[in-house]
file upload-v5.pdb (PDB, C-alpha atoms, pLDDT in the B column)
ATOM      1  CA  GLY N 678     143.549 160.463  84.155  1.00 65.00           C
ATOM      2  CA  GLU N 679     144.653 156.910  85.018  1.00 77.00           C
ATOM      3  CA  ALA N 680     146.810 158.058  87.943  1.00 77.00           C
ATOM      4  CA  VAL N 681     143.868 159.974  89.413  1.00 75.00           C
ATOM      5  CA  ARG N 682     141.524 157.037  88.769  1.00 78.00           C
ATOM      6  CA  THR N 683     143.897 154.818  90.763  1.00 81.00           C
ATOM      7  CA  ALA N 684     144.605 157.345  93.512  1.00 81.00           C
ATOM      8  CA  ILE N 685     140.993 158.151  94.407  1.00 80.00           C
ATOM      9  CA  PRO N 686     140.022 154.709  95.776  1.00 83.00           C
ATOM     10  CA  GLN N 687     143.357 154.460  97.549  1.00 85.00           C
ATOM     11  CA  ALA N 688     142.889 157.850  99.230  1.00 82.00           C
ATOM     12  CA  ALA N 689     139.340 156.927 100.251  1.00 83.00           C
ATOM     13  CA  THR N 690     140.292 153.596 101.818  1.00 88.00           C
ATOM     14  CA  GLN N 691     143.862 153.904 103.130  1.00 90.00           C
ATOM     15  CA  LEU N 692     145.603 156.239 105.526  1.00 90.00           C
ATOM     16  CA  ARG N 693     149.256 157.097 105.016  1.00 91.00           C
ATOM     17  CA  PRO N 694     151.715 154.929 106.990  1.00 94.00           C
ATOM     18  CA  ASP N 695     153.040 157.940 108.938  1.00 96.00           C
ATOM     19  CA  PHE N 696     149.488 158.817 110.009  1.00 93.00           C
ATOM     20  CA  LEU N 697     148.801 155.233 111.100  1.00 94.00           C
ATOM     21  CA  SER N 698     152.054 155.250 113.073  1.00 96.00           C
ATOM     22  CA  ALA N 699     151.119 158.536 114.763  1.00 96.00           C
ATOM     23  CA  LEU N 700     147.673 157.142 115.534  1.00 94.00           C
ATOM     24  CA  GLY N 701     149.243 154.067 117.146  1.00 95.00           C
ATOM     25  CA  SER N 702     151.634 156.227 119.183  1.00 97.00           C
ATOM     26  CA  ALA N 703     148.780 158.447 120.326  1.00 96.00           C
ATOM     27  CA  LEU N 704     146.782 155.395 121.362  1.00 95.00           C
ATOM     28  CA  VAL N 705     149.667 154.142 123.520  1.00 96.00           C
ATOM     29  CA  SER N 706     150.350 157.507 125.171  1.00 97.00           C
ATOM     30  CA  GLU N 707     146.767 158.733 125.616  1.00 96.00           C
ATOM     31  CA  ARG N 708     145.828 158.982 129.292  1.00 96.00           C
ATOM     32  CA  SER N 709     142.107 159.560 128.928  1.00 96.00           C
ATOM     33  CA  GLU N 710     139.904 156.483 128.665  1.00 96.00           C
ATOM     34  CA  ARG N 711     137.554 158.359 126.354  1.00 96.00           C
ATOM     35  CA  GLY N 712     140.491 159.531 124.224  1.00 94.00           C
ATOM     36  CA  ARG N 713     141.801 155.957 123.928  1.00 95.00           C
ATOM     37  CA  ALA N 714     138.325 154.786 122.913  1.00 94.00           C
ATOM     38  CA  VAL N 715     138.138 157.388 120.125  1.00 92.00           C
ATOM     39  CA  LEU N 716     141.659 156.612 118.911  1.00 94.00           C
ATOM     40  CA  SER N 717     140.871 152.903 119.007  1.00 94.00           C
ATOM     41  CA  GLN N 718     137.749 153.460 116.892  1.00 92.00           C
ATOM     42  CA  LEU N 719     139.753 155.487 114.362  1.00 91.00           C
ATOM     43  CA  SER N 720     142.362 152.730 114.203  1.00 93.00           C
ATOM     44  CA  GLU N 721     139.719 150.030 113.758  1.00 93.00           C
ATOM     45  CA  ASN N 722     137.975 152.059 111.059  1.00 91.00           C
ATOM     46  CA  ALA N 723     141.266 152.425 109.187  1.00 92.00           C
ATOM     47  CA  ARG N 724     141.867 148.672 109.407  1.00 93.00           C
ATOM     48  CA  ILE N 725     138.373 147.840 108.123  1.00 92.00           C
ATOM     49  CA  ALA N 726     138.517 150.437 105.325  1.00 89.00           C
ATOM     50  CA  SER N 727     141.863 149.124 104.103  1.00 90.00           C
ATOM     51  CA  SER N 728     141.071 145.419 104.337  1.00 93.00           C
ATOM     52  CA  GLN N 729     137.536 145.613 102.914  1.00 91.00           C
ATOM     53  CA  ARG N 730     138.201 148.462 100.451  1.00 87.00           C
ATOM     54  CA  VAL N 731     135.385 150.617 101.846  1.00 86.00           C
ATOM     55  CA  PRO N 732     135.687 154.387 102.416  1.00 83.00           C
ATOM     56  CA  LEU N 733     137.091 155.635 105.689  1.00 84.00           C
ATOM     57  CA  CYS N 734     134.431 157.118 107.938  1.00 75.00           C
ATOM     58  CA  GLN N 735     136.030 160.554 107.560  1.00 67.00           C
ATOM     59  CA  ASP N 736     135.781 160.404 103.741  1.00 58.00           C
ATOM     60  CA  THR N 737     133.421 163.194 102.643  1.00 64.00           C
ATOM     61  CA  GLY N 738     133.006 161.862  99.122  1.00 67.00           C
ATOM     62  CA  THR N 739     134.425 165.105  97.730  1.00 73.00           C
ATOM     63  CA  VAL N 740     137.454 164.775  95.492  1.00 71.00           C
ATOM     64  CA  ASN N 741     140.038 167.553  95.381  1.00 73.00           C
ATOM     65  CA  VAL N 742     142.799 167.147  92.823  1.00 74.00           C
ATOM     66  CA  PHE N 743     145.946 169.233  93.047  1.00 78.00           C
ATOM     67  CA  LEU N 744     147.734 168.787  89.766  1.00 79.00           C
ATOM     68  CA  LYS N 745     151.325 169.909  89.325  1.00 82.00           C
ATOM     69  CA  VAL N 746     152.329 170.425  85.724  1.00 83.00           C
ATOM     70  CA  GLY N 747     155.852 171.455  84.806  1.00 87.00           C
ATOM     71  CA  VAL N 748     156.399 174.522  82.660  1.00 90.00           C
ATOM     72  CA  ALA N 749     157.775 172.384  79.841  1.00 89.00           C
ATOM     73  CA  ALA N 750     155.048 169.740  80.088  1.00 85.00           C
ATOM     74  CA  ARG N 751     152.958 169.091  77.030  1.00 83.00           C
ATOM     75  CA  ILE N 752     149.477 167.715  77.456  1.00 80.00           C
ATOM     76  CA  ASP N 753     148.273 166.498  74.091  1.00 82.00           C
ATOM     77  CA  THR N 754     144.499 166.769  74.327  1.00 84.00           C
ATOM     78  CA  LYS N 755     141.718 169.062  73.210  1.00 87.00           C
ATOM     79  CA  ARG N 756     139.865 168.478  76.468  1.00 86.00           C
ATOM     80  CA  SER N 757     140.316 170.648  79.523  1.00 86.00           C
ATOM     81  CA  LEU N 758     142.224 169.383  82.550  1.00 82.00           C
ATOM     82  CA  GLN N 759     138.976 169.781  84.503  1.00 83.00           C
ATOM     83  CA  ALA N 760     137.183 167.446  82.101  1.00 85.00           C
ATOM     84  CA  LEU N 761     139.992 164.880  82.322  1.00 80.00           C
ATOM     85  CA  MET N 762     139.959 164.924  86.147  1.00 78.00           C
ATOM     86  CA  ASP N 763     136.154 164.772  86.275  1.00 78.00           C
ATOM     87  CA  GLU N 764     136.210 161.693  84.065  1.00 77.00           C
ATOM     88  CA  ALA N 765     138.841 160.021  86.240  1.00 71.00           C
ATOM     89  CA  ALA N 766     136.914 160.718  89.427  1.00 63.00           C
TER      90      ALA N 766
END
call {"tool": "encode", "arguments": {"input": "upload-v5.pdb", "output": "structure tokens"}}
result
Amino acid sequence: GEAVRTAIPQAATQLRPDFLSALGSALVSERSERGRAVLSQLSENARIASSQRVPLCQDTGTVNVFLKVGVAARIDTKRSLQALMDEAA
């Protein structure tokens, strides 16, 4: 639960470095003025979201958790995984 509790705010406020790099590259190579304006707004939104810890404008507020559990993993709880993830979110 703690890993999910930590990951949710990070996912809502920060884009991955490879995405930010691709966004910057697209901004440099974009020929359309309108396209550059949109890419610039996306870049600025990402900067604001990260620095002020506010959700990115494209954050829907819906949390999807994809949990990988190994076949030999033992989860010592009487609660369901759904209940644990709901609590963390």
call {"tool": "residues_around", "arguments": {"input": "upload-v5.pdb", "residues": "range 692-707 of chain N", "least_positions_apart": "4", "cutoff": "8 Å", "atoms": "all atoms listed in the file", "output": "ChimeraX atom specification"}}
result
/N:688,712-713,716-717,720,723
call {"tool": "closest_residue", "arguments": {"input": "upload-v5.pdb", "among": "N:Ile752, N:Leu761, N:Thr690, N:Ile685", "to": "Cys734 in chain N", "atoms": "all atoms listed in the file"}}
result
N:Thr690
call {"tool": "residues_around", "arguments": {"input": "upload-v5.pdb", "residues": "Glu764 in chain N", "least_positions_apart": "5", "cutoff": "10 Å", "atoms": "all atoms listed in the file", "output": "PDB file with C-alpha atoms, in the frame of the given file"}}
result
ATOM      1  CA  GLY N 678     143.549 160.463  84.155  1.00 65.00           C
ATOM      2  CA  GLU N 679     144.653 156.910  85.018  1.00 77.00           C
ATOM      3  CA  VAL N 681     143.868 159.974  89.413  1.00 75.00           C
ATOM      4  CA  ARG N 682     141.524 157.037  88.769  1.00 78.00           C
ATOM      5  CA  LEU N 758     142.224 169.383  82.550  1.00 82.00           C
ATOM      6  CA  GLN N 759     138.976 169.781  84.503  1.00 83.00           C
TER       7      GLN N 759
END
call {"tool": "atom_distance", "arguments": {"input": "upload-v5.pdb", "atom1": "CA of Pro732 in chain N", "atom2": "CA of Ala680 in chain N"}}
result
18.6 Å
call {"tool": "residues_around", "arguments": {"input": "upload-v5.pdb", "residues": "Gln729 in chain N", "least_positions_apart": "3", "cutoff": "12 Å", "atoms": "only C-alpha atoms", "output": "ChimeraX atom specification"}}
result
/N:686-687,689-691,721-726,732-733
call {"tool": "decode", "arguments": {"input": "upload-v5.pdb", "residues": "range 686-765 of chain N", "atoms": "C-alpha atoms", "output": "compact mmCIF listing (two decimals), in the first residue's frame"}}
result
# COMPACT_ATOMS: atom_id res chain seq x y z
CA PRO N 686 0.87 11.83 -6.31
CA GLN N 687 4.03 11.39 -8.34
CA ALA N 688 2.10 10.06 -11.35
CA ALA N 689 -0.41 12.91 -11.07
CA THR N 690 2.21 15.66 -10.93
CA GLN N 691 5.25 14.47 -12.89
CA LEU N 692 5.81 13.25 -16.42
CA ARG N 693 8.49 10.67 -17.12
CA PRO N 694 11.87 12.10 -18.20
CA ASP N 695 11.70 10.36 -21.60
CA PHE N 696 8.29 11.95 -22.25
CA LEU N 697 9.58 15.39 -21.27
CA SER N 698 12.56 14.90 -23.58
CA ALA N 699 10.27 13.88 -26.45
CA LEU N 700 8.06 16.88 -25.75
CA GLY N 701 11.09 19.19 -25.90
CA SER N 702 12.27 17.60 -29.16
CA ALA N 703 8.81 17.94 -30.67
CA LEU N 704 8.69 21.59 -29.64
CA VAL N 705 12.00 22.27 -31.42
CA SER N 706 11.07 20.42 -34.61
CA GLU N 707 7.41 21.45 -34.89
CA ARG N 708 6.81 23.63 -37.95
CA SER N 709 3.27 24.76 -37.20
CA GLU N 710 2.88 27.84 -35.03
CA ARG N 711 -0.29 26.39 -33.54
CA GLY N 712 1.47 23.07 -32.88
CA ARG N 713 4.35 24.85 -31.12
CA ALA N 714 1.83 26.78 -29.01
CA VAL N 715 0.13 23.55 -27.89
CA LEU N 716 3.44 21.83 -27.17
CA SER N 717 4.61 24.89 -25.26
CA GLN N 718 1.45 24.84 -23.14
CA LEU N 719 1.94 21.13 -22.39
CA SER N 720 5.55 21.80 -21.40
CA GLU N 721 4.57 24.73 -19.17
CA ASN N 722 1.81 22.68 -17.55
CA ALA N 723 4.30 19.90 -16.79
CA ARG N 724 6.70 22.42 -15.23
CA ILE N 725 3.98 23.97 -13.05
CA ALA N 726 2.56 20.58 -11.99
CA SER N 727 5.99 19.32 -10.96
CA SER N 728 7.17 22.45 -9.18
CA GLN N 729 3.89 23.22 -7.38
CA ARG N 730 2.83 19.58 -6.83
CA VAL N 731 -0.55 20.09 -8.53
CA PRO N 732 -2.11 17.56 -10.93
CA LEU N 733 -1.22 17.73 -14.59
CA CYS N 734 -4.05 19.09 -16.71
CA GLN N 735 -4.41 15.69 -18.40
CA ASP N 736 -4.89 13.91 -15.05
CA THR N 737 -8.42 12.45 -15.03
CA GLY N 738 -8.43 11.75 -11.31
CA THR N 739 -8.95 8.05 -12.01
CA VAL N 740 -6.37 5.70 -10.54
CA ASN N 741 -5.53 2.45 -12.33
CA VAL N 742 -3.18 0.12 -10.50
CA PHE N 743 -1.48 -2.72 -12.34
CA LEU N 744 -0.01 -4.95 -9.69
CA LYS N 745 2.49 -7.65 -10.57
CA VAL N 746 2.77 -10.38 -7.97
CA GLY N 747 5.22 -13.23 -8.39
CA VAL N 748 3.97 -16.80 -8.19
CA ALA N 749 5.97 -17.39 -5.02
CA ALA N 750 4.95 -14.10 -3.39
CA ARG N 751 3.19 -14.27 -0.07
CA ILE N 752 0.91 -11.44 0.93
CA ASP N 753 0.16 -11.78 4.62
CA THR N 754 -3.21 -10.09 5.02
CA LYS N 755 -6.85 -11.01 5.38
CA ARG N 756 -7.86 -8.03 3.27
CA SER N 757 -8.27 -8.19 -0.48
CA LEU N 758 -5.72 -6.59 -2.79
CA GLN N 759 -8.54 -4.34 -4.01
CA ALA N 760 -9.15 -3.09 -0.47
CA LEU N 761 -5.43 -2.45 0.06
CA MET N 762 -5.13 -0.47 -3.19
CA ASP N 763 -8.33 1.48 -2.48
CA GLU N 764 -6.95 2.49 0.90
CA ALA N 765 -3.65 3.60 -0.63
